[in-house]
Structures are given as structure tokens and as C-alpha cells.
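Participant: Dumping the structure here so I can ask a few things about it.
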Amino acid sequence: MRAFTLPPSRLRSSGGTPIVRRAVVLAAVASLGAGLLAGCADDSGDGASDGSSSDGKGKTTLTLGLFGTQGFKEAGLYTEYEKLHPDIKITDNVVERNENYYPALLNHLTTNSGLMDVQAVEVGNIAEIVATQADKLVDMSKVSGVDKSKWLDWKWAQATTKDGRTVGLGTDVGPMAICYRKDLFEKAGLPTDREEVGKLWAGDWSKLVDAGEKYKAKAPKGTTFMDSPGGLINAILSSEKEKFYDSSGKVTYKTNPAVKSAFDLTAKAAEEGLVGAQTQFQPAWDTTIAHSKFATVACPPWMLGYIKGKSKPESAGKWDVAAAPKSGNWGGTFLAVPKSGKHVKEAEAFITWLTAPEQQAKLFKVQGSFPSAPSAYSSSAVTGAKNEMTGDSPIGTIFAKAAQSSPVQTIGPKDQIIQQGLTDNGVILVTKGKSPEEAWNTATKTIDNNLDK
Amino acid sequence: MATRHDTAAPPVKEGGAAPARASADAAPTEAEQRHRARLSRRWQRDIRWSPYAFVSPFFLLFLAFGLFPLIYTGWASLHQVELTAPTDMEWVGLRNYTRIFDDDFFWNAAKNTLTIGIIATVPQLLMAMGLAHILNYKLRASTFYRVAMLAPYATSIAAASLVFVLLFGRDYGMINWALHQVGIGAVDWQNDKWPSQFAVSSIIIWRWTGYNALIYLAAMQAIPQDLYESAALDGASRWRQFLHVTLPALRPTILFTVVVSTIGASQVFGEPLLFDANKGASGGAEHQFQTLGLYLYEQGWVNQHLGRASAIAWTMFLILILVGIVNYVISRRLRASS
């Protein structure tokens with residue numbers, strides 16, 4: 001708006017020399033023409049005759065639309081597949097954050113243009129994709145070589161419509177455990193052995209808060225028991241079979257006692273100062289990791305990688321992983337093939353291979369993305385997995401156990417909006433001195449406004 | 001020789017460079033006359049329509065990316081329509097507009113836009129005026145200072161906001177650390193209402209002060225030097241010179257910056273979006289710094305309610321027109337009084 005206003009003294013100046021003027025006009029016309037041409041040169045022709053999608057040697061180029069770091073390339077899976085199929089070349093287009101990736105994907109799906117051969121979908125969005133865009137995606141359950149029984153039941157169910165079409169194949173899952181600091185636990189007089197720590201709170205989230213009270217009594221100065229209210233409520237909710245929607249697809253978050261009790265328990269922990277007043281994945285939260293300011297965090301495998309990235313070197317080996325009170329899932333991606341893609345058949349074959357257990361195990365080894373195929377859990381890549389932060393702990397077996405005991409959760413199209421309302425407009429307020437009642441009211445008012453069409 | 005002097009070239013003298021016209025010695029034939037008339041008509045058409053062709057790229061682009069979206073937004077605002085299925089529209093009439101009247105979130109955002117606008121614009125323009133006044137004196141390395149003033153403007157909003165988020169951090173931010181040194185307790189810059197609005201405004205102030213200062217400076221340099229000289233001869237101090245020479249001469253410029261800043265303030269978006277502690281564009285846990293721009297974005301792109309977002313956009317547009325009219329009336333009053 002302000003960029004093209006000139007100071008008044010310049011407004012009366014002439015438009016430049018004729019040569020400059022001509023150059024400007026030419027440039028404007030050229031750019032306009034280029035834009036129009038680019039706008040028209042899309043979507044035409046089928047895969048075989050389209051020059052842009054095959055190079056001189058007659059190879060087929062498969063394109064993947066991804067977000068974040070999926071790690072397929074890093075794990076060498078593209079090169080491996082290209083070796084197996086010399087006529088295929090694979091490229092990907094990675095958007096750093098899912099908040100930027102997903103709206104664009106949705107736009108492309110609704111207009112059925114601009115789609116890659118393969119598109120990744122985050123677990124938080126899969127329900128909406130399943131509910132609204134299934135007719136634009138290939139039903140992967142019908143593709144040859146896809147064997148439903150290879151996936152965790154609940155992972156397969158998440159990407160399947162009511163009438164049985166499966167729009168995406170799962171890559172990884174986020175089985176949740178509780179990561180804790182052995183050194184801080186020791187100072188606070190709590191057990192440090194992962195079996196005993198797990199027993200502290202086995203079966204009931206409120207026991208986790210009880211343990212937090214014990215921790216607080218003798219806690220090292222300046223530390224909190226858990227990292228953030230958002231992390232806690234998220235962990236509790238992810239272990240419930242139903243949270244925001246009932247099985248018929250109705251929004252029930254306000255009347256579901258499981259949600260209210262998760263909220264109240266988190267609010268209680270926040271009131272007692274057991275959780276830090278932080279929002280996860282914000283710079284300030286990162287700093288609390290670096291300064292070792294909290295003793296526990298709800299943690300899927302990928303979280304260990306995140307902690308490693310934000311920690312100072314001296315905290316290596318001080319972490320350990322215990323089972324969560326109840327198993328839940330946090331995170332995970334699906335790969336889908338849009339019907340309007342240029343190489344649908346090749347894309348189907350590729351993601352079938354890419355999501356096979358062996359490839360998932362390789363991915364876990366390099367990237368820490370936990371396999372969604374149970375048969376991978378017995379492979380050495382998983383059983384022998386170690387993390388620098390947790391020393392010799394057999395994290396692979398712990399997380400595998402959590403993955404297999406996670407509930408088949410009803411997920412709804414607006415889960416993300418509801419969850420965000422409960423955390424960022426809800427429980428966080430309790431750490432700011434608001435009463436749980438006020439926090440609940442703010443949260444529900446925000447959520448209802450956001451859900452109202 | 002019968003030559004038509006009105007159309008023919010002047011006769012060539014002996015040894016002239018130009019070749020003689022072949023038909024110079026004959027009256028123009030019928031065909032040639034028609035040809036000339038055609039040329040002439042083409043020439044006139046050219047004169048008449050070429051300018052339009054030259055300006056057309058802008059208007060074509062405007063049609064495609066300005067007018068069409070405007071009309072489509074208006075159409076969408078009368079429907080219930082979701083981003084997940086933009087073609088699936090359900091007519092709801094003015095419901096999207098009527099509900100704005102009892103939408104607390106909208107009015108909260110409108111209030112925030114106003115207060116952030118005031119906190120950001122008023123000090124910004126005052127500081128810009130002061131800076132311009134100082135820069136208007138003969139200074140060593142004045143070009144350096146002028147370029148330096150424009151540097152924040154050249155910085156991207158994203159980069160600047162992210163740095164400010166770090167500075168304003170509650171637990172490890174540099175500003176709270178400095179406050180702590182002088183004995184003031186930690187301020188929660190993100191979660192408390194006024195501190196967060198102040199922090200967002202400070203990003204805007206930082207970014208636009210130098211820009212406005214340069215506009216003022218340019219206007220100041222157009223003021224004749226002799227006015228200052230005679231004022232100085234009359235014994236006016238620099239402050240008096242500023243009050244009685246500079247300010248009156250700058251009046252139109254000040255008006256211009258006020259209008260532009262008002263428009264800018266009503267569209268504040270990037271700074272509060274990136275200052276947000278969460279990703280939902282909700283402008284803080286209690287929406288304490290959610291501006292209208294953010295609310296529009298939240299409804300449209302986060303919650304995917306295209307119809308509601310369109311209605312908000314049109315309401316903002318109408319509010320802006322109102323602001324424009326108020327501005328116009330004030331400026332006319334000012335001009336009349338001077």
C-alpha cells in the first residue's frame with residue numbers, strides 16, 4: 001500500500017528518458033505476456049505426450065508434495081527406488097510447515113489442479129480430507145500389492161471413509177510415552193528406573209499429576225514437573241477413544257466427560273504450578289529445553305529428535321523414556337495419490353513400495369519416524385534403536401508397545417481447531433492466573449465461533 | 001508542374017540527397033487517395049486507441065486480480081460456503097453481515113485494530129517529524145543516516161517480527177532482562193493485553209518511522225532556505241523556526257502521512273500474526289491483539305469459512321470508506337482554516 005507512494009516533491013517529476021520509458025513498457029508487456037502464457041500452458045495433454053514430465057531418456061518423473069522433514073530422500077529411499085525402476089525419476093517439493101502446506105493442498109484438491117503425483121497429508125488433517133476430498137483421491141485399498149493387514153488397525157482406519165475407501169497409506173505414527181530427566185527425578189527423590197517410573201502413574205493420568213506434586217515438593221529450583229499445559233492435555237486426549245466427535249460424526253467436545261476431565265486435570269496441574277507456562281514449539285519453549293527447566297514431557301519418538309536439537313550437549317544421556325499412563329498417538333503422515341495426477345499408476349506403485357514395512361524401518365533408523373507397520377517392530381532397526389539423549393534405553397521396544405496399545409480413536413474434520421482452542425485459548429490461561437472455569441469459557445466460546453459456518 | 005503543396009515533399013534542389021518522388025508530377029490517382037485516406041484513418045485510430053492499449057495491462061490485471069475477487073467476495077459473503085468445497089454455496093442472504101453485529105470477536109478485533117493503530121501511528125509520526133528535523137540540518141555523513149533510517153523499512157516484516165518476539169520474550173527476552181536490571185518485574189509481553197498491544201505497535205513503529213521521516217525530510221527540503229534565514233535574523237530559535245516555518249509548510253505532507261498511516265494501521269496483519277504465541281492467528285490466548293486483518297484470515301484460511309470471511313472483508317472495506325470520508329472532511333476543514 002505504502003510502497004508506491006512517493007514524497008510529494010517527487011510526484012511532479014517527469015517519467016524519465018524515452019529509452020527508459022520504452023524499456024519499462026517493454027518489460028511490462030513482456031512480463032504480462034509471460035504471465036498469461038504461463039497461465040494457459042497448464043493442465044493440457046496426458047502424461048505420455050507431456051514433455052515436462054519426462055526427460056530425454058524417456059523417464060517418468062514422479063513428483064511428491066511434502067511438508068516438514070519426512071526424510072524419504074535423506075534415508076536414500078528415492079535412489080533405491082530409482083535403481084529398482086530405471087525408468088522412474090523422483091523429485092519432491094517440500095513446504096516447511098504444515099500450516100502453509102495444508103491450505104494450498106486443500107485449494108488444489110478443491111479446484112483439482114496443480115497437484116503433485118503424490119501428496120502427503122498430516123494426521124490432524126486426514127479426517128477432513130477423508131470427509132470432503134475422498135472422491136479426488138485414489139482408493140489405495142484397491143491397488144495391487146497393498147495389504148491392509150500390514151498397518152496398525154487404527155492407522156488404516158484414520159484414512160478410510162465410511163464406505164470403505166482408503167485415501168492414503170500411512171507412513172509413520174507417533175506412539176506417545178513420557179520422556180523424563182533422570183537427574184532431576186533423582187534430585188526430587190523420585191525413582192529413576194524406567195519400569196518404576198512407569199509404575200508411578202500406570203493406568204491413570206491423574207497419577208501423573210500426583211507424581212508431579214511429589215516432584216514439586218523437593219524439586220530443583222526453577223524447574224517444573226512438565227513442560228506445558230498444551231503438552232499435557234494433548235497427551236491425555238490422545239489416549240481417549242472418543243474426544244471431540246462421537247462415532248456418528250457429531251461434535252461432542254463440550255459434553256464429552258473425557259474432554260472436560262482432561263481439561264480440569266490439566267488446569268489443576270497448571271494451578272499448582274506443575275507445568276511451565278509455555279506454548280510448545282515456540283522459541284521460549286525451546287529455551288526451556290536448552291536450560292533444562294522441566295523434568296517430563298509427553299513424547300512420541302520424533303520428540304526425542306526435537307529435544308536433541310534444542311538441548312545443550314551436557315544433557316545427552318540424562319533422559320529416559322517411560323510408558324505413558326495410557327497409550328496414545330501424536331503425529332503421523334499419510335501419502336495420497338490424486339486422481340488428476342499425471343502418473344497415477346506409477347505413483348500408486350511407488351507409495352505402495354515406500355510405505356512397506358521394510359522401507360518404514362529404514363526411515364525410522366535415519367529419521368526417527370516411527371513405523372506404522374507392526375511387522376517392522378521386530379526388525380533390528382527398531383529393536384536396536386538408540387537415541388543420544390536417552391543413552392542405552394531400548395526406545396524402539398517402548399514405543400512399539402505404545403503403538404500397539406494405542407486406541408482406535410475417532411478423529412473428526414475439525415479436531416485441530418478444537419484442540420488448539422482448548423490449549424492455546426484455554427488451559428494456557430490457567431498458568432496466567434485465570435480460574436479453570438474462566439479458561440474453559442474462553443476456550444469453548446472461541447471454538448464455537450470457529451466451528452460456526 | 002502541378003504539385004499539390006499540401007501533400008508533397010518540398011521540391012528537391014539539384015544535388016539533393018532525397019530521390020524525387022515518382023508520382024510528384026502527376027495528380028494522385030483515385031486509388032492512391034483512398035490509400036492515403038486509409039493511412040490517415042489508421043493514424044487517427046492509432047492516436048486515439050494506442051494510449052488505451054498501453055494502459056490496458058494494468059486494467060486487465062486489475063479486472064482479473066482486483067475487480068473480479070471484489071465482486072466474487074461480495075457474492076460469497078451472501079452464502080454459506082466452506083473452503084473445502086468452494087463451489088458448494090448455500091444462499092443465506094445478509095446473515096453473514098447481521099451476525100457480525102453480535103460477534104464479540106469481530107468487535108474485539110475492531111477495537112484492537114483501533115488501539116494498536118493509535119499506539120503505533122501517533123508516536124511514529126511524531127518521532128518521524130523529529131528525526132526529519134534533525135536530518136534537515138547539515139550533518140556529517142547525512143546520506144548514511146538517511147539510508148540507515150530506511151533500513152527497517154527494507155527489512156521483511158517476518159524477519160523483524162521474529163526478532164521482536166525474541167526481544168519481548170517473557171522468560172528469556174532481552175527487554176525483560178533490562179527491566180529486571182532496573183528493578184521492574186517481568187512483563188508478560190505476549191499474554192497481557194496492553195503490553196502485547198504495545199509490543200506489536202513497537203514493531204510497526206520501528207518499521208515505518210524512518211520511512212515517514214524521509215517523506216517529511218523531502219518536504220522540508222522543499223521549504224525555501226531564506227525563510228529560515230530571515231527567521232534567524234529576527235532572532236527565532238531553532239525550536240521557534242520549527243514551529244512557525246517548518247510545521248505550517250509541512251501541513252499537506254502531514255495530512256498525506258496521516259492518511260497513509262491510517263490505511264496501513266487498519267490493515268495491520270503480519271506483525272500480530274507472527275507475534276502470536278500460537279499458530280491459529282487468534283491474536284493471543286484471549287485475542288488480546290487480534291486485529292481485523294487477523295480475524296479475517298482466521299475465519300477464511302484457518303477455519304475455512306469463506307462466506308463469513310468475505311462478509312468481514314466487505315465490512316472492513318466499508319469501515320475503510322468511512323475512515324476515508326472522515327479524513328477528507330477533516331482535511332477540508334484544515335485547508336479552509338489555513
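Here, A, B, ... name the chains of the C-alpha cells in the order displayed, residue numbers run from 1 inside each chain, and ligands are numbered from 1 in the same displayed order.
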Which chain B residues are at most 6 Å from chain A (counting only C-alpha atoms), as a list in words?
Facilitator: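 The selection requested is Ile215, Ala285, Asn303 and His305 of chain B.
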Participant: For the residues selected in the previous step, produce a file with N, CA, C and O atoms as a compact mmCIF listing (two decimals), in the first residue's frame.
Facilitator:
```txt
# COMPACT_ATOMS: atom_id res chain seq x y z
N ILE B 215 9.95 11.04 4.13
CA ILE B 215 8.92 11.82 3.44
C ILE B 215 8.91 13.25 3.99
O ILE B 215 8.92 14.23 3.23
N ALA B 285 -3.90 -15.64 23.52
CA ALA B 285 -4.81 -16.59 24.18
C ALA B 285 -6.19 -16.01 24.36
O ALA B 285 -7.19 -16.71 24.27
N ASN B 303 -10.22 -21.42 9.72
CA ASN B 303 -11.49 -22.11 9.95
C ASN B 303 -12.22 -22.45 8.66
O ASN B 303 -13.21 -23.16 8.67
N HIS B 305 -14.13 -20.78 6.66
CA HIS B 305 -15.47 -20.27 6.39
C HIS B 305 -15.37 -19.11 5.40
O HIS B 305 -15.26 -17.95 5.78
```
Participant: Within 7 Å of B:Ser201, counting only C-alpha atoms, which residues qualify if same-chain residues fewer than 3 places away don't, as a list in words?
Facilitator: Ile116, Ile119, Ala120, Gln197, Phe198, Ile204 and Ile205 of chain B
Participant: What lies within 8 Å of stretch 87-92 of chain B using only C-alpha atoms, ignoring chain neighbours under 6 positions off, as a count of residues only?
Facilitator: 5
